[in-house]
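J.: Just passing along the structure, written as structure tokens.
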Protein chains: 2
Amino acid sequence: MSRPLPVLSSSLSHTRTRMARPNQLHEKRSELLPIVAKAFAELGYRRATTAELAERCGVQQNILYRLWPDKRAMFIAALGYVFDLAVEIWSRVLAKGGPGTTAARLLAYESENIGKFGNHRIIFAGLNETDDPEIRAALAGMYSRYHRFVRDHVVDHRGKRGKAAAEEADLIAWAIIGLGTVTTISKELGLQDPSARRMTMHSMGSLLLDGSAGTGRT
Amino acid sequence: MSRPLPVLSSSLSHTRTRMARPNQLHEKRSELLPIVAKAFAELGYRRATTAELAERCGVQQNILYRLWPDKRAMFIAALGYVFDLAVEIWSRVLAKGGPGTTAARLLAYESENIGKFGNHRIIFAGLNETDDPEIRAALAGMYSRYHRFVRDHVVDHRGKRGKAAAEEADLIAWAIIGLGTVTTISKELGLQDPSARRMTMHSMGSLLLDGSAGTGRT
DNA sequence: TCATTCTGTGAGCAGATGCTTACACTACGA
DNA sequence: TCGTAGTGTAAGCATCTGCTCACAGAATGA
């Protein structure tokens with residue numbers, strides 16, 4: 001808040017009398033962000049020290065502070081990156097096509113691949129920093145978008161219209177997110193063996209999606 | 001691991017030649033543990049510094065280190081305390097009796113009171129320290145006990161016997177834990193208004209409990 | 001009472017942490 | 001080629017962090 005984001009100098013520099021070397025801050029940010037995100041995911045917020053982040057990026061801390069005003073901004077950027085990446089992956093999966101609704105296919109994909117990239121850990125890291133209003137807001141925004149994404153596929157899956165159906169899809173989407181969360185925790189802590197985990201995700205996910213009006217498969 | 005737990009000196013002291021003042025470490029631990037747990041819950045692992053813990057307890061850091069060998073042990077003790085407390089509260093709720101199965105009543109209670117004591121945050125704190133084997137193990141143990149608790153009530157609720165029913169209850173219990181988790185997060189971040197949150201917990205909880213083999217109510 | 005153990009106080013220490021400054025170097029537009 | 005602005009390196013700083021030490025006083029059994 002105290003200093004302007006470095007990226008602004010890029011546009012401002014066009015108004016200067018004499019310019020040299022158009023800055024590449026944006027490119028550098030894009031280059032380092034995945035590394036930063038991975039570090040936050042692996043270490044959590046506090047243990048991902050600026051020294052550690054810099055070392056992993058192969059730069060001096062200094063440089064990170066030219067790309068982002070402070071550590072918190074690095075974390076928030078990483079949070080957004082992880083979400084965008086997940087959406088991108090899901091989009092690719094859905095683009096490939098296959099049997100069943102998109103919701104069912106996403107569920108099947110997550111049953112196999114949940115926690116694969118380890119990026120979910122950054123969310124747990126965020127949940128530990130909810131006292132910070134900006135991190136809290138970033139997290140809330142991310143969850144809202146995530147929920148909307150899931151809900152839209154639930155609506156499509158169920159094929160019902162109307163306000164009641166929409167509200168129902170809303171609840172189902174939250175429950176599915178919860179299912180994904182607990183499955184992730186289960187994997188993280190080794191609480192279930194992989195097949196049981198897949199079974200939980202698939203079986204309970206199907207139950208939630210198809211509801212009590214479902215076909216009652218075992 | 002390097003030093004013996006201070007509590008041992010209590011029993012050892014009986015073998016000494018001359019003794020004075022039987023130690024009250026155990027009592028002190030019991031007295032301070034709730035305060036320590038609250039601090040961890042509010043601040044997370046890293047931000048709950050030993051200085052902060054000591055101040056909240058109204059003692060010097062020194063004293064905490066006589067009660068537990070290190071900060072990690074304080075955290076693990078707090079983790080156990082929070083779980084025991086939750087079980088105690090649930091037991092009281094169930095002891096009061098009421099309509100429906102114990103599972104349904106627990107669900108109804110949690111719909112209203114989830115996250116009430118803020119103690120769940122300590123679990124998120126723990127999930128950020130899963131690199132530490134001891135914390136990881138403590139967390140896994142706690143989740144296992146939690147799951148067993150929920151599962152037993154699910155079994156009772158559904159009233160089915162046999163291996164297949166038991167396995168089904170297993171999955172349902174995990175899904176319900178997930179539902180509780182996401183509801184907690186929702187409250188933490190203000191993602192839903194309270195009535196929507198209650199609705200999610202109750203409606204999706206009922207769906208999971210009664211399952212697709214249920215009576216097919218809407 | 002006296003010796004011994006427990007309890008509390010306060011200061012301190014080595015290392016870590018977020019962030020900054022100073023400065024040399026490089027690339028680019030004019 | 002010259003000057004400006006972007007890029008990289010190295011060191012440093014105030015503060016914090018987990019943990020320990022030395023010591024005075026209190027409580028208790030003998």
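Chain lettering (A, B, ...) mirrors the order of the structure tokens, residue numbering begins at 1 for each chain separately, and ligand numbering begins at 1 in order of display.
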Give me, as a list of chain:residue names, all polymer residues having an atom no more than 12 Å from Glu31 of chain B, counting only C-alpha atoms (C1' of nucleotides) and skipping those fewer than 5 positions away in the same chain.
T.: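 Non-adjacent residues within range: B:Gln24, B:Leu25, B:His26, B:Val36, B:Ala37, B:Cys57, B:Gly58, B:Val59, B:Leu64, B:Leu67, B:Tyr81.
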J.: Can you write out as CSV which residues of chain C fall within 8 Å of chain A, alongside each residue's closest atom pair and its distance in Å to one decimal, counting only C-alpha atoms (C1' of nucleotides) and ordering rows by chain and ascending residue number?
T.:
```
residue,atom,partner,partner_atom,distance
C:DT17,C1',A:Thr49,CA,7.1
C:DG18,C1',A:Thr50,CA,7.1
C:DA27,C1',A:Arg21,CA,6.0
C:DC28,C1',A:Arg21,CA,4.8
C:DG29,C1',A:Ala20,CA,5.6
```
J.: Give me a file of those residues, with C-alpha atoms (C1' of nucleotides), as a short mmCIF file (atom, residue, chain, number, x, y, z; two decimals), in the first residue's frame.
T.:
```
data_model
loop_
_atom_site.label_atom_id
_atom_site.label_comp_id
_atom_site.auth_asym_id
_atom_site.auth_seq_id
_atom_site.Cartn_x
_atom_site.Cartn_y
_atom_site.Cartn_z
"C1'" DT C 17 13.06 -13.06 9.29
"C1'" DG C 18 11.04 -9.36 6.46
"C1'" DA C 27 20.67 -2.89 -22.46
"C1'" DC C 28 18.37 0.18 -25.06
"C1'" DG C 29 16.69 4.68 -27.32
#
```
J.: Within 7 Å of chain A, which residues of chain B show up? Give each one with its shortest atom-to-atom distance in Å (one decimal) and the two atoms involved, counting only C-alpha atoms, rows by chain then rising residue number, as a tab-separated table.
T.:
```
residue	atom	partner	partner_atom	distance
B:Gly44	CA	A:Asn128	CA	5.9
B:Arg46	CA	A:Arg46	CA	6.6
B:Phe124	CA	A:Phe124	CA	6.4
B:Ala125	CA	A:Asn128	CA	6.0
B:Leu127	CA	A:Phe124	CA	6.8
B:Asn128	CA	A:Gly44	CA	5.9
B:Arg136	CA	A:Leu189	CA	6.7
B:Ala140	CA	A:Leu189	CA	5.7
B:Leu171	CA	A:Thr200	CA	5.2
B:Ile172	CA	A:Met204	CA	7.0
B:Trp174	CA	A:Val182	CA	6.9
B:Ala175	CA	A:Leu179	CA	5.5
B:Ile177	CA	A:Val182	CA	6.9
B:Gly178	CA	A:Gly178	CA	4.3
B:Leu179	CA	A:Gly178	CA	4.9
B:Thr181	CA	A:Gly178	CA	6.3
B:Val182	CA	A:Gly178	CA	4.7
B:Leu189	CA	A:Ala140	CA	5.8
B:Leu191	CA	A:Ala140	CA	6.6
B:Thr200	CA	A:Leu171	CA	5.2
B:Met204	CA	A:Ala175	CA	6.7
B:Leu207	CA	A:Ser212	CA	6.5
B:Gly211	CA	A:Ser212	CA	6.3
B:Ser212	CA	A:Ser212	CA	4.6
B:Ala213	CA	A:Gly216	CA	5.3
B:Gly214	CA	A:Ser212	CA	6.6
B:Gly216	CA	A:Ser212	CA	5.0
B:Arg217	CA	A:Ser212	CA	6.6
```
J.: Grab the atom C1' of DG10 of chain C to atom C1' of DC21 of chain D distance for me, in Å with one decimal place.
T.: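 Computing the Euclidean distance for atom C1' of DG10 of chain C and atom C1' of DC21 of chain D yields 10.6 Å.
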J.: Given the choices B:Leu33, B:Ala48, B:Phe40, B:Leu106, which gets closest to chain D if the distance is worked out from only C-alpha atoms (C1' of nucleotides)?
T.: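 Under the stated criterion, the closest residue is B:Ala48.
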J.: Residues of chain D that have any atom at most 10 Å from an atom of chain A: could you tabulate them with the shortest-distance atom pair and the distance in Å to one decimal, using only C-alpha atoms (C1' of nucleotides), ordered by chain and increasing number, as CSV?
T.:
```
residue,atom,partner,partner_atom,distance
D:DG3,C1',A:Arg18,CA,8.8
D:DT4,C1',A:Ala20,CA,6.0
D:DA5,C1',A:Ala20,CA,5.4
D:DG6,C1',A:Arg21,CA,5.9
D:DT7,C1',A:Ile63,CA,8.7
D:DG8,C1',A:Gln60,CA,7.9
D:DT9,C1',A:Gln60,CA,7.7
D:DA10,C1',A:Gln60,CA,9.3
```
J.: Kindly export the residues of the current selection with N, CA, C and O atoms (P, O5', C5', C4', C3', O3' and C1' of nucleotides), as a compact mmCIF listing (two decimals), in the first residue's frame.
T.:
```
# COMPACT_ATOMS: atom_id res chain seq x y z
P DG D 3 26.88 11.55 -21.47
O5' DG D 3 25.41 11.45 -20.86
C5' DG D 3 24.31 12.00 -21.61
C4' DG D 3 23.05 11.23 -21.31
C3' DG D 3 22.78 11.02 -19.81
O3' DG D 3 21.40 11.23 -19.57
C1' DG D 3 22.80 8.93 -20.91
P DT D 4 20.89 11.64 -18.13
O5' DT D 4 19.57 10.74 -17.99
C5' DT D 4 18.77 10.50 -19.14
C4' DT D 4 18.22 9.11 -19.09
C3' DT D 4 17.71 8.66 -17.71
O3' DT D 4 16.35 8.36 -17.82
C1' DT D 4 18.97 6.95 -18.77
P DA D 5 15.43 8.28 -16.50
O5' DA D 5 15.04 6.75 -16.50
C5' DA D 5 14.58 6.15 -17.71
C4' DA D 5 14.83 4.67 -17.65
C3' DA D 5 14.36 4.01 -16.35
O3' DA D 5 13.73 2.78 -16.67
C1' DA D 5 16.58 3.45 -16.75
P DG D 6 12.88 2.01 -15.64
O5' DG D 6 13.44 0.54 -15.81
C5' DG D 6 13.37 -0.07 -17.09
C4' DG D 6 14.32 -1.24 -17.14
C3' DG D 6 14.08 -2.31 -16.07
O3' DG D 6 14.21 -3.60 -16.68
C1' DG D 6 16.28 -1.52 -15.88
P DT D 7 13.83 -4.87 -15.86
O5' DT D 7 15.24 -5.34 -15.33
C5' DT D 7 16.21 -5.81 -16.25
C4' DT D 7 17.44 -6.29 -15.51
C3' DT D 7 17.15 -7.26 -14.36
O3' DT D 7 17.86 -8.47 -14.62
C1' DT D 7 18.66 -5.58 -13.69
P DG D 8 17.66 -9.71 -13.64
O5' DG D 8 18.98 -9.64 -12.75
C5' DG D 8 20.24 -9.84 -13.37
C4' DG D 8 21.35 -9.62 -12.36
C3' DG D 8 21.21 -10.46 -11.08
O3' DG D 8 22.39 -11.23 -10.90
C1' DG D 8 21.57 -8.15 -10.56
P DT D 9 22.57 -12.12 -9.63
O5' DT D 9 23.42 -11.18 -8.70
C5' DT D 9 24.58 -10.52 -9.24
C4' DT D 9 25.44 -9.99 -8.10
C3' DT D 9 25.44 -10.86 -6.85
O3' DT D 9 26.77 -11.00 -6.39
C1' DT D 9 24.74 -8.66 -6.29
P DA D 10 27.12 -12.01 -5.24
O5' DA D 10 27.23 -11.03 -4.00
C5' DA D 10 27.95 -9.81 -4.14
C4' DA D 10 27.80 -8.98 -2.89
C3' DA D 10 27.74 -9.78 -1.59
O3' DA D 10 28.77 -9.33 -0.73
C1' DA D 10 25.97 -8.19 -1.68
```
J.: Going by DSSP on the backbone, which bits of segment 49-206 of chain B are helix (DSSP H, G or I)? Write them as an NGL selection string, please.
T.: :B and (50-57 or 61-67 or 71-95 or 102-113 or 121-127 or 133-158 or 163-189 or 194-206)
J.: Tell me, in Å to one decimal, how far atom CA of Thr102 of chain A is from atom CA of Met142 of chain A.
T.: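 So the answer is 20.9 Å.
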J.: Excluding Val82 of chain B and residues on its chain fewer than 2 positions from it, collect all residues at most 9 Å away from it, counting only C-alpha atoms (C1' of nucleotides), and give them as a ChimeraX atom specification.
T.: /B:34,37-38,77-80,84-87,119-120,122
J.: Give me a file of those residues, with C-alpha atoms, as a PDB file, in the first residue's frame.
T.:
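Ended up saving to selection-v1.pdb:
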```
ATOM      1  CA  PRO B  34      -6.792 -24.580  27.567  1.00  0.00           C
ATOM      2  CA  ALA B  37      -4.871 -24.339  22.929  1.00  0.00           C
ATOM      3  CA  LYS B  38      -6.862 -21.165  22.514  1.00  0.00           C
ATOM      4  CA  ALA B  77      -1.015 -31.416  23.615  1.00  0.00           C
ATOM      5  CA  ALA B  78      -3.342 -28.623  22.520  1.00  0.00           C
ATOM      6  CA  LEU B  79      -4.481 -30.691  19.567  1.00  0.00           C
ATOM      7  CA  GLY B  80      -5.438 -33.542  21.852  1.00  0.00           C
ATOM      8  CA  ASP B  84     -11.218 -34.321  23.888  1.00  0.00           C
ATOM      9  CA  LEU B  85     -13.166 -31.158  24.526  1.00  0.00           C
ATOM     10  CA  ALA B  86     -15.239 -31.624  21.382  1.00  0.00           C
ATOM     11  CA  VAL B  87     -16.037 -35.220  22.259  1.00  0.00           C
ATOM     12  CA  ASN B 119     -11.060 -24.646  18.206  1.00  0.00           C
ATOM     13  CA  HIS B 120     -11.219 -26.098  14.725  1.00  0.00           C
ATOM     14  CA  ILE B 122      -5.990 -25.520  15.487  1.00  0.00           C
TER      15      ILE B 122
END
```
J.: Show me, as a VMD selection string, the residues that have an atom within 9 Å of Arg105 of chain A when counting only C-alpha atoms (C1' of nucleotides), minus same-chain residues fewer than 6 positions from it.
T.: chain A and resid 93 to 94 97 to 99
